[in-house]
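Listing of protein_15.csv; format and content: CSV, C-alpha atoms and all ligand atoms.
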chain,number,residue,atom,x,y,z
A,3,MET,CA,-104.1,-9.3,-6.3
A,4,SER,CA,-105.3,-12.8,-7.1
A,5,ILE,CA,-102.8,-15.1,-8.9
A,6,PRO,CA,-104.1,-17.8,-11.3
A,7,ALA,CA,-103.6,-21.4,-10.4
A,8,PHE,CA,-100.6,-23.2,-11.8
A,9,LYS,CA,-101.2,-25.0,-15.1
A,10,PRO,CA,-99.2,-28.2,-15.0
A,11,ASP,CA,-98.8,-28.8,-18.7
A,12,SER,CA,-98.3,-25.6,-20.6
A,13,PHE,CA,-95.3,-26.1,-22.9
A,14,THR,CA,-95.8,-25.2,-26.5
A,15,TYR,CA,-93.7,-24.5,-29.5
A,16,THR,CA,-94.8,-21.3,-31.4
A,17,ASP,CA,-93.4,-19.3,-34.3
A,18,SER,CA,-90.5,-17.0,-33.5
A,19,PRO,CA,-91.6,-13.4,-32.7
A,20,ASN,CA,-91.0,-12.2,-36.3
A,21,PRO,CA,-90.9,-15.2,-38.6
A,22,SER,CA,-90.7,-13.1,-41.8
A,23,TRP,CA,-87.5,-11.3,-40.6
A,24,SER,CA,-84.8,-11.1,-43.2
A,25,TYR,CA,-81.1,-10.2,-42.9
A,26,GLY,CA,-80.4,-6.6,-41.9
A,27,GLN,CA,-84.1,-5.8,-41.3
A,28,PRO,CA,-84.3,-3.2,-38.6
A,29,VAL,CA,-86.3,-3.9,-35.4
A,30,ALA,CA,-88.8,-1.1,-36.1
A,31,SER,CA,-90.0,-2.9,-39.3
A,32,SER,CA,-92.2,-5.3,-37.4
A,33,PRO,CA,-95.2,-4.5,-35.2
A,34,VAL,CA,-93.7,-6.1,-32.1
A,35,GLY,CA,-90.4,-4.4,-32.8
A,36,LYS,CA,-92.1,-1.0,-33.2
A,37,GLU,CA,-93.9,-1.5,-29.9
A,38,TRP,CA,-90.6,-2.5,-28.2
A,39,LEU,CA,-88.8,0.6,-29.4
A,40,LYS,CA,-91.5,2.9,-28.1
A,41,GLY,CA,-90.1,2.1,-24.6
A,42,GLU,CA,-87.2,4.3,-25.5
A,43,ASP,CA,-89.5,7.4,-25.1
A,44,GLU,CA,-89.1,7.0,-21.4
A,45,GLY,CA,-85.3,7.4,-21.7
A,46,TRP,CA,-82.5,5.5,-19.9
A,47,LYS,CA,-81.3,5.1,-16.3
A,48,LEU,CA,-77.5,4.9,-16.1
A,49,VAL,CA,-76.2,3.1,-13.1
A,50,ASN,CA,-72.5,3.6,-12.1
A,51,ALA,CA,-71.6,0.1,-10.9
A,52,GLU,CA,-68.6,1.5,-9.0
A,53,THR,CA,-70.6,3.9,-6.8
A,54,GLU,CA,-74.0,2.1,-6.6
A,55,ASN,CA,-74.7,0.6,-3.3
A,56,PRO,CA,-74.2,-3.2,-3.3
A,57,GLY,CA,-77.8,-4.0,-2.2
A,58,SER,CA,-79.3,-2.1,-5.1
A,59,LEU,CA,-76.7,-3.4,-7.5
A,60,TYR,CA,-77.6,-7.0,-6.4
A,61,ALA,CA,-81.3,-6.4,-7.0
A,62,LEU,CA,-80.7,-4.8,-10.4
A,63,MET,CA,-78.3,-7.5,-11.6
A,64,VAL,CA,-80.3,-10.5,-10.5
A,65,SER,CA,-83.5,-9.0,-12.1
A,66,GLY,CA,-81.7,-8.1,-15.3
A,67,ILE,CA,-79.5,-11.1,-15.9
A,68,VAL,CA,-82.4,-13.5,-16.5
A,69,PRO,CA,-83.5,-16.3,-16.7
A,70,ARG,CA,-80.8,-18.1,-14.8
A,71,PRO,CA,-80.6,-21.9,-14.5
A,72,VAL,CA,-80.5,-23.2,-11.0
A,73,ALA,CA,-77.9,-25.7,-9.6
A,74,PHE,CA,-79.4,-27.7,-6.7
A,75,VAL,CA,-76.2,-28.7,-5.0
A,76,SER,CA,-75.6,-31.6,-2.7
A,77,SER,CA,-72.4,-31.7,-0.7
A,78,ILE,CA,-70.8,-33.1,2.5
A,79,SER,CA,-68.8,-31.4,5.2
A,80,GLU,CA,-65.5,-32.8,6.6
A,81,ASP,CA,-67.6,-33.9,9.6
A,82,GLY,CA,-69.9,-35.8,7.3
A,83,VAL,CA,-72.9,-33.4,7.5
A,84,GLU,CA,-74.9,-33.5,4.3
A,85,ASN,CA,-76.0,-30.3,2.7
A,86,LEU,CA,-78.5,-29.4,-0.1
A,87,SER,CA,-79.1,-25.8,-1.4
A,88,PRO,CA,-80.0,-24.0,-4.6
A,89,PHE,CA,-77.7,-21.6,-6.5
A,90,SER,CA,-78.5,-19.6,-9.6
A,91,TRP,CA,-75.2,-18.0,-10.4
A,92,PHE,CA,-74.7,-21.2,-12.3
A,93,ASN,CA,-73.9,-22.3,-15.8
A,94,MET,CA,-72.1,-24.7,-18.2
A,95,VAL,CA,-68.6,-23.5,-18.9
A,96,THR,CA,-67.6,-26.1,-21.5
A,97,HIS,CA,-68.3,-29.7,-22.5
A,98,SER,CA,-64.7,-30.6,-23.2
A,99,PRO,CA,-63.7,-31.1,-20.5
A,100,PRO,CA,-67.3,-31.0,-19.1
A,101,VAL,CA,-67.2,-28.1,-16.6
A,102,VAL,CA,-69.9,-26.2,-14.7
A,103,SER,CA,-69.5,-23.0,-12.7
A,104,ILE,CA,-71.3,-21.9,-9.5
A,105,SER,CA,-70.7,-18.7,-7.7
A,106,PHE,CA,-71.2,-18.4,-3.9
A,107,ALA,CA,-71.6,-15.1,-2.1
A,108,SER,CA,-69.7,-15.2,1.2
A,109,LYS,CA,-71.7,-15.0,4.5
A,110,SER,CA,-69.0,-12.6,5.7
A,111,PRO,CA,-65.5,-11.9,4.5
A,112,SER,CA,-64.2,-14.8,6.6
A,113,SER,CA,-67.1,-17.2,6.3
A,114,LEU,CA,-68.1,-19.1,3.2
A,115,LYS,CA,-71.6,-20.6,2.7
A,116,ASP,CA,-71.7,-24.2,3.8
A,117,THR,CA,-71.9,-25.6,0.3
A,118,ALA,CA,-68.8,-23.7,-0.9
A,119,GLN,CA,-67.0,-24.6,2.3
A,120,ASN,CA,-67.8,-28.3,1.9
A,121,ILE,CA,-66.7,-28.4,-1.8
A,122,ILE,CA,-63.4,-26.8,-1.0
A,123,SER,CA,-62.6,-28.4,2.4
A,124,ASN,CA,-63.8,-31.9,1.5
A,125,PRO,CA,-62.9,-32.3,-2.1
A,126,SER,CA,-62.7,-36.1,-2.0
A,127,ALA,CA,-66.5,-36.2,-1.3
A,128,GLY,CA,-67.3,-34.3,-4.6
A,129,PHE,CA,-70.7,-32.8,-5.0
A,130,THR,CA,-73.7,-33.2,-7.2
A,131,VAL,CA,-75.6,-30.6,-9.3
A,132,ASN,CA,-79.2,-31.5,-9.8
A,133,ILE,CA,-81.7,-29.7,-12.1
A,134,ILE,CA,-84.9,-28.6,-10.4
A,135,SER,CA,-88.2,-29.6,-12.1
A,136,GLU,CA,-91.5,-27.9,-11.5
A,137,PRO,CA,-93.1,-30.8,-9.4
A,138,PHE,CA,-90.5,-30.4,-6.6
A,139,VAL,CA,-89.6,-26.7,-6.8
A,140,GLU,CA,-91.2,-25.8,-3.4
A,141,GLY,CA,-89.1,-28.4,-1.6
A,142,ALA,CA,-86.0,-27.3,-3.4
A,143,ASN,CA,-86.7,-23.6,-2.6
A,144,ALA,CA,-87.2,-24.5,1.0
A,145,THR,CA,-83.6,-25.7,1.3
A,146,ALA,CA,-82.4,-22.1,1.0
A,147,VAL,CA,-83.6,-21.6,4.6
A,148,ASP,CA,-80.9,-20.3,7.0
A,149,ALA,CA,-81.5,-23.3,9.3
A,150,PRO,CA,-79.2,-24.1,12.3
A,151,ALA,CA,-76.6,-26.7,11.6
A,152,GLU,CA,-78.5,-29.5,13.3
A,153,VAL,CA,-81.5,-29.2,10.9
A,154,SER,CA,-81.1,-31.3,7.7
A,155,GLU,CA,-82.0,-29.5,4.5
A,156,TRP,CA,-82.7,-32.9,3.0
A,157,GLY,CA,-85.4,-33.4,5.6
A,158,VAL,CA,-86.8,-30.0,5.0
A,159,SER,CA,-87.1,-30.6,1.3
A,160,GLY,CA,-88.9,-33.9,1.4
A,161,LEU,CA,-86.6,-35.1,-1.3
A,162,THR,CA,-84.7,-38.4,-1.5
A,163,LYS,CA,-81.0,-39.1,-1.4
A,164,GLU,CA,-79.8,-41.5,-4.1
A,165,ALA,CA,-76.2,-42.8,-3.9
A,166,SER,CA,-73.9,-41.4,-6.6
A,167,LEU,CA,-71.6,-43.7,-8.6
A,168,LYS,CA,-68.3,-41.8,-8.3
A,169,VAL,CA,-68.7,-39.1,-5.6
A,170,LYS,CA,-69.7,-39.5,-2.0
A,171,ALA,CA,-72.3,-36.7,-2.1
A,172,ALA,CA,-75.8,-38.1,-2.9
A,173,ARG,CA,-77.8,-37.0,-5.8
A,174,VAL,CA,-81.4,-35.9,-5.7
A,175,LYS,CA,-83.5,-39.0,-6.8
A,176,GLU,CA,-86.4,-36.8,-7.9
A,177,SER,CA,-84.2,-34.8,-10.2
A,178,ALA,CA,-84.4,-36.1,-13.8
A,179,PHE,CA,-80.9,-34.6,-14.6
A,180,SER,CA,-78.1,-34.8,-12.1
A,181,MET,CA,-74.3,-34.4,-12.5
A,182,GLU,CA,-71.7,-35.9,-10.3
A,183,CYS,CA,-68.9,-33.3,-10.0
A,184,GLU,CA,-65.4,-33.0,-8.6
A,185,LEU,CA,-63.8,-29.7,-7.6
A,186,LEU,CA,-61.7,-28.5,-10.6
A,187,GLN,CA,-60.8,-25.0,-9.4
A,188,SER,CA,-61.9,-22.6,-6.7
A,189,ILE,CA,-61.4,-18.9,-7.5
A,190,PRO,CA,-61.9,-16.2,-4.9
A,191,ILE,CA,-63.5,-13.0,-6.3
A,192,THR,CA,-61.8,-10.1,-4.6
A,193,HIS,CA,-63.1,-6.5,-4.6
A,194,PRO,CA,-60.5,-4.5,-6.5
A,195,GLU,CA,-60.6,-1.6,-4.1
A,196,THR,CA,-61.1,-3.2,-0.7
A,197,GLY,CA,-59.1,-6.4,-1.4
A,198,ILE,CA,-61.9,-8.3,0.4
A,199,SER,CA,-63.0,-11.6,-1.0
A,200,THR,CA,-66.7,-11.4,-1.3
A,201,THR,CA,-67.5,-14.4,-3.4
A,202,THR,CA,-66.1,-17.8,-4.5
A,203,LEU,CA,-66.4,-19.1,-8.0
A,204,ILE,CA,-66.3,-22.9,-8.1
A,205,LEU,CA,-65.5,-24.8,-11.3
A,206,GLY,CA,-66.8,-28.4,-11.1
A,207,LEU,CA,-65.6,-31.2,-13.4
A,208,VAL,CA,-68.5,-33.4,-14.4
A,209,LYS,CA,-67.8,-37.1,-13.9
A,210,TYR,CA,-71.2,-38.7,-14.5
A,211,ILE,CA,-74.6,-37.5,-15.7
A,212,HIS,CA,-77.7,-39.3,-14.7
A,213,VAL,CA,-80.7,-38.6,-17.0
A,214,ARG,CA,-84.1,-40.1,-16.5
A,215,ASN,CA,-85.1,-42.0,-19.7
A,216,ASP,CA,-88.5,-40.5,-19.9
A,217,VAL,CA,-87.2,-36.9,-20.4
A,218,LEU,CA,-85.0,-37.9,-23.3
A,219,THR,CA,-85.8,-37.4,-27.0
A,220,PRO,CA,-85.2,-40.3,-29.4
A,221,LYS,CA,-82.0,-38.4,-30.3
A,222,GLY,CA,-80.7,-38.7,-26.8
A,223,THR,CA,-81.0,-35.1,-25.8
A,224,VAL,CA,-83.2,-33.7,-23.1
A,225,ASP,CA,-86.8,-32.6,-24.1
A,226,PRO,CA,-87.4,-29.3,-22.4
A,227,ALA,CA,-91.2,-30.0,-22.3
A,228,LYS,CA,-90.5,-33.1,-20.3
A,229,LEU,CA,-87.7,-31.9,-18.0
A,230,LYS,CA,-89.9,-28.9,-16.8
A,231,ALA,CA,-86.8,-27.2,-15.5
A,232,VAL,CA,-87.3,-24.0,-13.5
A,233,SER,CA,-85.2,-20.9,-13.8
A,234,ARG,CA,-84.6,-17.9,-11.5
A,235,LEU,CA,-85.6,-14.3,-12.1
A,236,GLY,CA,-85.1,-11.3,-9.8
A,237,ASP,CA,-86.2,-11.1,-6.2
A,238,ILE,CA,-88.2,-14.3,-5.3
A,239,SER,CA,-89.5,-15.0,-8.8
A,240,TYR,CA,-89.0,-18.2,-10.7
A,241,ALA,CA,-89.9,-18.8,-14.4
A,242,ARG,CA,-90.9,-21.9,-16.3
A,243,VAL,CA,-89.7,-23.0,-19.6
A,244,GLY,CA,-93.1,-22.3,-21.2
A,245,ASP,CA,-93.4,-21.2,-24.9
A,246,ALA,CA,-90.4,-22.1,-27.0
A,247,PHE,CA,-89.5,-21.4,-30.6
A,248,ARG,CA,-86.8,-22.6,-32.9
A,249,LEU,CA,-84.4,-20.5,-34.9
A,250,GLY,CA,-81.8,-22.1,-37.1
A,251,ARG,CA,-78.2,-20.9,-36.8
A,252,PRO,CA,-77.3,-19.4,-40.2
A,253,ALA,CA,-74.3,-20.9,-42.0
A,254,TRP,CA,-72.4,-18.7,-44.4
A,255,LYS,CA,-72.2,-21.5,-47.0
A,256,ASP,CA,-76.1,-21.6,-47.2
A,257,GLU,CA,-76.9,-18.0,-46.4
A,258,GLY,CA,-73.9,-15.9,-47.5
A,259,GLU,CA,-75.3,-15.1,-50.9
A,260,ARG,CA,-78.6,-14.0,-49.5
A,261,ILE,CA,-77.0,-12.0,-46.7
A,262,LEU,CA,-74.8,-10.1,-49.2
A,263,ALA,CA,-77.8,-9.4,-51.4
A,264,GLU,CA,-80.0,-8.2,-48.6
A,265,VAL,CA,-77.5,-6.4,-46.4
A,266,GLY,CA,-74.8,-5.3,-48.7
A,267,GLY,CA,-71.2,-4.6,-48.0
A,268,ARG,CA,-68.9,-4.3,-45.1
A,269,ASN,CA,-70.5,-1.4,-43.3
A,270,GLY,CA,-74.0,-2.9,-43.4
A,271,GLU,CA,-75.3,-0.5,-46.0
A,272,ARG,CA,-78.4,-1.8,-47.8
A,273,ASN,CA,-78.3,-2.4,-51.5
A,301,LIG,C1,-83.3,-20.1,-6.3
A,301,LIG,C2,-82.2,-19.7,-5.4
A,301,LIG,C3,-81.0,-19.3,-6.0
A,301,LIG,C4,-79.9,-18.9,-5.2
A,301,LIG,N1,-78.7,-18.7,-5.8
A,301,LIG,C5,-77.6,-18.4,-5.0
A,301,LIG,C6,-76.4,-18.2,-5.6
A,301,LIG,O1,-76.2,-18.3,-6.9
A,301,LIG,N2,-75.3,-17.9,-4.8
A,301,LIG,C7,-75.4,-17.8,-3.5
A,301,LIG,O2,-74.4,-17.5,-2.8
A,301,LIG,N3,-76.6,-18.0,-2.9
A,301,LIG,C8,-77.7,-18.3,-3.6
A,301,LIG,N4,-78.9,-18.5,-3.0
A,301,LIG,C9,-79.0,-18.5,-1.6
A,301,LIG,C10,-78.6,-19.9,-1.0
A,301,LIG,O3,-79.3,-20.9,-1.5
A,301,LIG,C11,-78.7,-19.8,0.5
A,301,LIG,O4,-77.9,-18.8,1.1
A,301,LIG,C12,-78.5,-21.1,1.2
A,301,LIG,O5,-78.9,-21.1,2.5
A,301,LIG,C13,-77.0,-21.5,1.2
A,301,LIG,O6,-76.9,-22.7,1.9
A,301,LIG,P1,-75.6,-23.3,2.5
A,301,LIG,O7,-75.0,-22.2,3.4
A,301,LIG,O8,-76.1,-24.5,3.2
A,301,LIG,O9,-74.7,-23.6,1.4
A,301,LIG,C14,-80.0,-18.9,-3.8
A,301,LIG,C15,-81.3,-19.2,-3.2
A,301,LIG,C16,-82.4,-19.5,-4.0
A,301,LIG,C17,-83.7,-19.9,-3.4

Using C-alpha cells, write down the structure that the file contains.
Ligand SMILES: Cc1cc2nc3c(=O)[nH]c(=O)nc-3n(C[C@H](O)[C@H](O)[C@H](O)COP(=O)(O)O)c2cc1C
Amino acid sequence: MSIPAFKPDSFTYTDSPNPSWSYGQPVASSPVGKEWLKGEDEGWKLVNAETENPGSLYALMVSGIVPRPVAFVSSISEDGVENLSPFSWFNMVTHSPPVVSISFASKSPSSLKDTAQNIISNPSAGFTVNIISEPFVEGANATAVDAPAEVSEWGVSGLTKEASLKVKAARVKESAFSMECELLQSIPITHPETGISTTTLILGLVKYIHVRNDVLTPKGTVDPAKLKAVSRLGDISYARVGDAFRLGRPAWKDEGERILAEVGGRNGERN
C-alpha cells in the first residue's frame, strides 16, 4: 500500500457536518446521519471489561478513546539524569488552579516508568509538559525508545533543552507551548481484585506557560492552525488537527424559546 506524502499546510475551517440541524432533529434526518446509522446493521460487539484480557482491552481502549493530546514530558532523576518521553493518557483537569493529569503504566508492579519515578522521587526538580507540533513529531516519538539508562533521550530526539524559569527540568525549545509543572498529587491506580498497583496518575500544578508569539491569535489564545499539535490514535497512529469547524454553545436565554418550540416538553416529544 502506498501512502501519500505529508502535506505541510492543510488546516482549513469548514462548515459543521450538518449545518442546517435544528434542536431535537434526529440523526437519521441528514444524509451523513443516515449513512452513519446504517453501520448498526452489522450489530454490536459487547466487551466485558472485567474478563477481557488486558492486552486486548488496551488495544481497544487506546483506539476508541481518540484523539488524545500528547504530553511530552521532561523530568530529572534524583541522580540528575534528564529524561524526555511522550505520554498520551494526558489532559487538562482544571484551570483554577491550573492542573494537568498524566497517567503512567508501570513497567512491573514494583517498577515505575522513569518519568513517573523522577516526578515522584525528585519533586523539587519539577517537570515540564511540552506540546508536540508536526515539524518535530518524529524526534518526539523516538524518545519512547526503551533505551538503556546511559543513552540520553534528548540526544536521540535532536531537540534542544531550554532552561525553565521556576522548575529545574528543561523545557523543549522547539515546542511552541510548554508548561512548567510541580507535583500536586500522585495517585496509585490499584486493581480492585488483585490489589496490584498497575498505573500511577500524576496531577501536575502548572506554574508557568511558555507560548511562542507566532502561534497566538490577536486575542491571546492559541491558533490551532499555527500550533500544528499532533494527537494520538490507537496502535502507532497519530492524527493532525486538520479540518476544524465551529459550533456555538447554546445559551438558554437566547435559544430557550426556539428549543421549546422545536422540541417541546420535558420528555422530548415534538410539538
Ligand atoms: C505517543 C506516545 C504516547 C504514549 N503514551 C503513554 C502513556 O500515556 N502512558 C504510558 O505509560 N506510556 C506511554 N507511552 C510509552 C512511553 O512513552 C514509553 O514507555 C517511554 O519509554 C517511557 O519513558 P520513561 O521510562 O523514560 O519515562 C507512549 C508512547 C508514545 C510514543

Would you mind listing the residues within 7 Å of ligand LIG 301 (chain A), counting all atoms listed in the file, as number ranges by chain? A: 72, 85-92, 104-108, 115-118, 143, 145-148, 234

Counting only C-alpha atoms, give me one row per residue of segment 181-241 of chain A with an atom at most 12 Å from an atom of segment 159-173 of chain A, showing the shortest contact pair and its distance in Å to one decimal, sorted by chain then residue number, as JSON lines.
{"residue": "A:Met181", "atom": "CA", "partner": "A:Arg173", "partner_atom": "CA", "distance": 8.0}
{"residue": "A:Glu182", "atom": "CA", "partner": "A:Val169", "partner_atom": "CA", "distance": 6.4}
{"residue": "A:Cys183", "atom": "CA", "partner": "A:Val169", "partner_atom": "CA", "distance": 7.3}
{"residue": "A:Glu184", "atom": "CA", "partner": "A:Val169", "partner_atom": "CA", "distance": 7.6}
{"residue": "A:Leu185", "atom": "CA", "partner": "A:Val169", "partner_atom": "CA", "distance": 10.8}
{"residue": "A:Leu207", "atom": "CA", "partner": "A:Val169", "partner_atom": "CA", "distance": 11.5}
{"residue": "A:Val208", "atom": "CA", "partner": "A:Lys168", "partner_atom": "CA", "distance": 10.4}
{"residue": "A:Lys209", "atom": "CA", "partner": "A:Lys168", "partner_atom": "CA", "distance": 7.3}
{"residue": "A:Tyr210", "atom": "CA", "partner": "A:Lys168", "partner_atom": "CA", "distance": 7.5}
{"residue": "A:Ile211", "atom": "CA", "partner": "A:Leu167", "partner_atom": "CA", "distance": 9.9}
{"residue": "A:His212", "atom": "CA", "partner": "A:Ser166", "partner_atom": "CA", "distance": 9.2}
{"residue": "A:Val213", "atom": "CA", "partner": "A:Arg173", "partner_atom": "CA", "distance": 11.7}

Go ahead and write the selection's residues with C-alpha atoms as an mmCIF file, in the coordinates of the input.
data_model
loop_
_atom_site.group_PDB
_atom_site.id
_atom_site.type_symbol
_atom_site.label_atom_id
_atom_site.label_comp_id
_atom_site.auth_asym_id
_atom_site.auth_seq_id
_atom_site.Cartn_x
_atom_site.Cartn_y
_atom_site.Cartn_z
ATOM 1 C CA MET A 181 -74.300 -34.400 -12.500
ATOM 2 C CA GLU A 182 -71.700 -35.900 -10.300
ATOM 3 C CA CYS A 183 -68.900 -33.300 -10.000
ATOM 4 C CA GLU A 184 -65.400 -33.000 -8.600
ATOM 5 C CA LEU A 185 -63.800 -29.700 -7.600
ATOM 6 C CA LEU A 207 -65.600 -31.200 -13.400
ATOM 7 C CA VAL A 208 -68.500 -33.400 -14.400
ATOM 8 C CA LYS A 209 -67.800 -37.100 -13.900
ATOM 9 C CA TYR A 210 -71.200 -38.700 -14.500
ATOM 10 C CA ILE A 211 -74.600 -37.500 -15.700
ATOM 11 C CA HIS A 212 -77.700 -39.300 -14.700
ATOM 12 C CA VAL A 213 -80.700 -38.600 -17.000
#

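Across the model, the gap from atom CA of Asn124 of chain A to atom CA of Thr196 of chain A is 28.9 Å.
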
I'd like the box whose edges run along x, y and z of the file and which contains every listed atom of segment 23-31 of chain A, padded by 6 Å per side; could you state its centre and edge lengths in Å, one decimal, as lines of an AutoDock Vina configuration file?
center_x = -85.2
center_y = -6.2
center_z = -39.3
size_x = 21.6
size_y = 22.2
size_z = 19.8

Segment 57-176 of chain A residues near segment 6-13 of chain A within 12 Å, closest pair each, using only C-alpha atoms, as JSON lines:
{"residue": "A:Ser135", "atom": "CA", "partner": "A:Pro10", "partner_atom": "CA", "distance": 11.5}
{"residue": "A:Glu136", "atom": "CA", "partner": "A:Pro10", "partner_atom": "CA", "distance": 8.5}
{"residue": "A:Pro137", "atom": "CA", "partner": "A:Pro10", "partner_atom": "CA", "distance": 8.7}

Could you take the residues named above and write them with C-alpha atoms, as a PDB file, keeping the file's coordinate frame?
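Contents of part23.pdb, freshly written:
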ATOM      1  CA  SER A 135     -88.200 -29.600 -12.100  1.00  0.00           C
ATOM      2  CA  GLU A 136     -91.500 -27.900 -11.500  1.00  0.00           C
ATOM      3  CA  PRO A 137     -93.100 -30.800  -9.400  1.00  0.00           C
TER       4      PRO A 137
END

Show me, as a PyMOL selection string, the residues that have an atom within 9 Å of segment 55-65 of chain A when counting all atoms listed in the file, minus same-chain residues fewer than 2 positions from it. chain A and resi 49+51-53+67-70+234-237
